[in-house]
Amino acid sequence: MFEVKRLYDSLPYETEFEAEVLACEPDSDKEGICIVVLNQTLFFPEEGGQSPDKGMINGCEVLDVQIKDGVIYHALSGELAVGSRVEGRIDWTHRFNNMQQHSGEHIFSGLVNKHFGYDNVGFHLSDQTVTMDFNGVLSEEDVTMIELEVNRVIVKNVPIVATFPTKEELEKLEYRSKKEINEQMRIVTIEGVDVCACCAPHVRTTGEIGMLKVVGCQNYKGGVRISILCGFRALEDYKSKTAIVAGLVAGLSEKPENVITAVDKLKEVNYNLKTELNKKTAELMAVKMSALSADGDDVLVFEAELDDNATRNTVNSLMEQYSGVCAVFVGNDEAGYRFIMGSKSKNCREVLAKLKEKLTIRGGGTEVMVQGMVTGTEDAIRKSFDGGLI
Ligand SMILES: [Zn+2]
């Protein structure tokens, strides 16, 4: 068993370190990747719901960091000589960003626990999202209240301290995330706000979190899942949302505060236009159908544009007038045609099977009605119906 010193425990602000290579084996799953164990590391592994640190070791990229039975395994883009001294450097931008999110999460979870007694039962910190699952329901007002209180704690610039209490000290301590583990417990204390067992690096004082913004709240497994963004991630989000609002303001020629009403109005206008268009289309199709020749019992209609609803309605109307196959093809010779076919007297699935012998066609349905897509010209499609298919 390897002894690996976790430098990030006590040195969360260090970015460079030296270490000895204890092991280096090729990854059994991925070609060109080596799994490396060092005697000490600044790389925080994927643990407690948090994504691992990124960075370089001796010019090789660190692609993943995992911990198993206390041993930290670095997945590297190259090989290192066992017994050699190496230099590692973590990606500080990525790490500090994670520290901001994680410290923000502790304050939020601590305050939810204090005010409502709920526990954070699921924490995920990826490069894209930060979510916390609580085992109780929070209303919108509750979430807004906690969000404001978190930001007040941030502004107070309270120290965040990690300690390793003795077993006796732990027994007297009130803290969150109690787990029965044999390992030395690491306790992260945010003065006057929260005490929690945690293995991850944190910022020194709450002020470094910058700010915390709740960006989502949904019901989840009898409780709620809250999405947050802290620090620079919150700034990035503000930047992108400002751009979205600016785009809407320009596109709608409205003030930001009127954008939602303007979109609602557009939706209403659009709905009314669509209803009117459907009515006109139905009228137009009725005129076209009355002009169809009544020779033979199969009837084929070709249209350049018609939505699915109008196509179906047209087929239904045709079936009232014609006893054979009533088919409506929508499209053009180059792109092909969507179609719906119906018949009161003929088995449409059999008709489709016959057409498949003559055309490149796919589709399916019932004996009364089938739909699908056909590649080919109007001429070729009409010809394949010559003389009746069945
Ligand atoms: Zn934590």
# chains A, B, ... in the order shown; residues from 1 in each chain; ligands from 1

call {"tool": "residues_near_ligand", "arguments": {"ligand": "ligand 1", "cutoff": "7 Å", "atoms": "only C-alpha atoms and all ligand atoms", "output": "PyMOL selection string"}}
result
chain A and resi 102+106+197-200

call {"tool": "residues_around", "arguments": {"residues": "Val71 of chain A", "least_positions_apart": "4", "cutoff": "9 Å", "atoms": "only C-alpha atoms", "output": "list in words"}}
result
Met1, Phe2, Glu3, Val4, Val37, Gln66 and Ile67 of chain A

call {"tool": "write_last_selection", "arguments": {"atoms": "all heavy atoms", "output": "PDB file, in the first residue's frame"}}
result
ATOM      1  N   MET A   1       0.836  -1.217   0.000  1.00  0.00           N
ATOM      2  CA  MET A   1       0.000   0.000   0.000  1.00  0.00           C
ATOM      3  C   MET A   1       0.869   1.264   0.000  1.00  0.00           C
ATOM      4  O   MET A   1       1.861   1.330   0.721  1.00  0.00           O
ATOM      5  CB  MET A   1      -0.918  -0.044   1.233  1.00  0.00           C
ATOM      6  CG  MET A   1      -1.823   1.154   1.382  1.00  0.00           C
ATOM      7  SD  MET A   1      -2.848   1.489  -0.059  1.00  0.00           S
ATOM      8  CE  MET A   1      -4.154   0.286   0.198  1.00  0.00           C
ATOM      9  N   PHE A   2       0.510   2.217  -0.834  1.00  0.00           N
ATOM     10  CA  PHE A   2       1.303   3.457  -0.920  1.00  0.00           C
ATOM     11  C   PHE A   2       0.846   4.474   0.128  1.00  0.00           C
ATOM     12  O   PHE A   2      -0.332   4.535   0.455  1.00  0.00           O
ATOM     13  CB  PHE A   2       1.125   4.103  -2.308  1.00  0.00           C
ATOM     14  CG  PHE A   2       1.554   3.208  -3.425  1.00  0.00           C
ATOM     15  CD1 PHE A   2       0.609   2.651  -4.287  1.00  0.00           C
ATOM     16  CD2 PHE A   2       2.899   2.934  -3.640  1.00  0.00           C
ATOM     17  CE1 PHE A   2       0.991   1.833  -5.328  1.00  0.00           C
ATOM     18  CE2 PHE A   2       3.288   2.102  -4.695  1.00  0.00           C
ATOM     19  CZ  PHE A   2       2.329   1.557  -5.543  1.00  0.00           C
ATOM     20  N   GLU A   3       1.802   5.244   0.633  1.00  0.00           N
ATOM     21  CA  GLU A   3       1.496   6.368   1.530  1.00  0.00           C
ATOM     22  C   GLU A   3       1.563   7.638   0.697  1.00  0.00           C
ATOM     23  O   GLU A   3       2.612   7.969   0.136  1.00  0.00           O
ATOM     24  CB  GLU A   3       2.554   6.452   2.640  1.00  0.00           C
ATOM     25  CG  GLU A   3       2.313   5.526   3.804  1.00  0.00           C
ATOM     26  CD  GLU A   3       1.239   6.036   4.755  1.00  0.00           C
ATOM     27  OE1 GLU A   3       1.045   7.269   4.804  1.00  0.00           O
ATOM     28  OE2 GLU A   3       0.577   5.201   5.409  1.00  0.00           O
ATOM     29  N   VAL A   4       0.426   8.301   0.536  1.00  0.00           N
ATOM     30  CA  VAL A   4       0.408   9.531  -0.271  1.00  0.00           C
ATOM     31  C   VAL A   4       0.033  10.720   0.602  1.00  0.00           C
ATOM     32  O   VAL A   4      -1.023  10.722   1.235  1.00  0.00           O
ATOM     33  CB  VAL A   4      -0.581   9.409  -1.453  1.00  0.00           C
ATOM     34  CG1 VAL A   4      -0.546  10.678  -2.301  1.00  0.00           C
ATOM     35  CG2 VAL A   4      -0.281   8.186  -2.293  1.00  0.00           C
ATOM     36  N   VAL A  37       1.242   7.141  -9.348  1.00  0.00           N
ATOM     37  CA  VAL A  37       1.103   7.409  -7.912  1.00  0.00           C
ATOM     38  C   VAL A  37       2.362   8.147  -7.458  1.00  0.00           C
ATOM     39  O   VAL A  37       3.483   7.732  -7.777  1.00  0.00           O
ATOM     40  CB  VAL A  37       0.940   6.098  -7.102  1.00  0.00           C
ATOM     41  CG1 VAL A  37       0.833   6.408  -5.609  1.00  0.00           C
ATOM     42  CG2 VAL A  37      -0.284   5.318  -7.570  1.00  0.00           C
ATOM     43  N   GLN A  66      -8.078  10.282  -9.321  1.00  0.00           N
ATOM     44  CA  GLN A  66      -9.023   9.483  -8.539  1.00  0.00           C
ATOM     45  C   GLN A  66      -8.382   9.066  -7.222  1.00  0.00           C
ATOM     46  O   GLN A  66      -7.157   8.987  -7.129  1.00  0.00           O
ATOM     47  CB  GLN A  66      -9.439   8.224  -9.323  1.00  0.00           C
ATOM     48  CG  GLN A  66     -10.231   8.516 -10.594  1.00  0.00           C
ATOM     49  CD  GLN A  66     -11.631   9.042 -10.305  1.00  0.00           C
ATOM     50  OE1 GLN A  66     -12.274   8.652  -9.332  1.00  0.00           O
ATOM     51  NE2 GLN A  66     -12.102   9.956 -11.144  1.00  0.00           N
ATOM     52  N   ILE A  67      -9.216   8.816  -6.215  1.00  0.00           N
ATOM     53  CA  ILE A  67      -8.701   8.331  -4.927  1.00  0.00           C
ATOM     54  C   ILE A  67      -9.368   7.005  -4.599  1.00  0.00           C
ATOM     55  O   ILE A  67     -10.576   6.847  -4.802  1.00  0.00           O
ATOM     56  CB  ILE A  67      -8.925   9.381  -3.807  1.00  0.00           C
ATOM     57  CG1 ILE A  67      -8.246   8.927  -2.504  1.00  0.00           C
ATOM     58  CG2 ILE A  67     -10.392   9.710  -3.586  1.00  0.00           C
ATOM     59  CD1 ILE A  67      -8.121  10.029  -1.449  1.00  0.00           C
TER      60      ILE A  67
END

call {"tool": "select_by_dssp", "arguments": {"residues": "segment 250-354 of chain A", "states": "strand (DSSP E or B)", "output": "list in words"}}
result
Val299, Leu300, Val301, Phe302, Glu303, Val325, Cys326, Ala327, Val328, Phe329, Val330, Gly331, Asn332, Gly336, Tyr337, Arg338, Phe339, Ile340, Met341, Gly342 and Ser343 of chain A

call {"tool": "closest_residue", "arguments": {"among": "A:Val370, A:Leu38, A:Val188, A:Val82", "to": "Ile340 of chain A", "atoms": "only C-alpha atoms"}}
result
A:Val370

call {"tool": "closest_residue", "arguments": {"among": "A:Leu273, A:Val259, A:Val121, A:Leu76", "to": "Gly247 of chain A", "atoms": "only C-alpha atoms"}}
result
A:Val259

call {"tool": "atom_distance", "arguments": {"atom1": "atom CA of Val269 of chain A", "atom2": "atom CA of Ile244 of chain A"}}
result
22.6 Å

call {"tool": "closest_residue", "arguments": {"among": "A:Val315, A:Leu355, A:Met289, A:Ala162", "to": "Ile381 of chain A", "atoms": "only C-alpha atoms"}}
result
A:Leu355

call {"tool": "atom_distance", "arguments": {"atom1": "atom CA of Pro159 of chain A", "atom2": "atom CA of Ile187 of chain A"}}
result
13.6 Å

call {"tool": "select_by_dssp", "arguments": {"residues": "segment 106-161 of chain A", "states": "helix (DSSP H, G or I)", "output": "PyMOL selection string"}}
result
chain A and resi 106-116+140-156

call {"tool": "write_last_selection", "arguments": {"atoms": "C-alpha atoms", "output": "PDB file, in the first residue's frame"}}
result
ATOM      1  CA  HIS A 106     -21.010  25.139   2.578  1.00  0.00           C
ATOM      2  CA  ILE A 107     -22.495  28.500   3.582  1.00  0.00           C
ATOM      3  CA  PHE A 108     -25.728  27.798   1.685  1.00  0.00           C
ATOM      4  CA  SER A 109     -26.094  24.258   3.106  1.00  0.00           C
ATOM      5  CA  GLY A 110     -25.144  25.448   6.597  1.00  0.00           C
ATOM      6  CA  LEU A 111     -27.819  28.151   6.546  1.00  0.00           C
ATOM      7  CA  VAL A 112     -30.487  25.785   5.150  1.00  0.00           C
ATOM      8  CA  ASN A 113     -29.624  23.377   7.969  1.00  0.00           C
ATOM      9  CA  LYS A 114     -29.778  26.171  10.564  1.00  0.00           C
ATOM     10  CA  HIS A 115     -33.115  27.635   9.382  1.00  0.00           C
ATOM     11  CA  PHE A 116     -34.976  24.530   8.173  1.00  0.00           C
ATOM     12  CA  GLU A 140     -39.036  30.411  -3.745  1.00  0.00           C
ATOM     13  CA  GLU A 141     -39.129  32.880  -0.831  1.00  0.00           C
ATOM     14  CA  ASP A 142     -37.055  30.511   1.359  1.00  0.00           C
ATOM     15  CA  VAL A 143     -34.419  30.223  -1.370  1.00  0.00           C
ATOM     16  CA  THR A 144     -34.309  33.996  -1.904  1.00  0.00           C
ATOM     17  CA  MET A 145     -33.921  34.546   1.849  1.00  0.00           C
ATOM     18  CA  ILE A 146     -31.040  32.031   2.095  1.00  0.00           C
ATOM     19  CA  GLU A 147     -29.363  33.487  -1.005  1.00  0.00           C
ATOM     20  CA  LEU A 148     -29.375  36.967   0.547  1.00  0.00           C
ATOM     21  CA  GLU A 149     -28.066  35.668   3.876  1.00  0.00           C
ATOM     22  CA  VAL A 150     -25.244  33.772   2.119  1.00  0.00           C
ATOM     23  CA  ASN A 151     -24.190  36.983   0.391  1.00  0.00           C
ATOM     24  CA  ARG A 152     -24.234  38.830   3.720  1.00  0.00           C
ATOM     25  CA  VAL A 153     -21.868  36.178   5.138  1.00  0.00           C
ATOM     26  CA  ILE A 154     -19.664  36.621   2.033  1.00  0.00           C
ATOM     27  CA  VAL A 155     -19.453  40.387   2.570  1.00  0.00           C
ATOM     28  CA  LYS A 156     -18.572  39.908   6.276  1.00  0.00           C
TER      29      LYS A 156
END
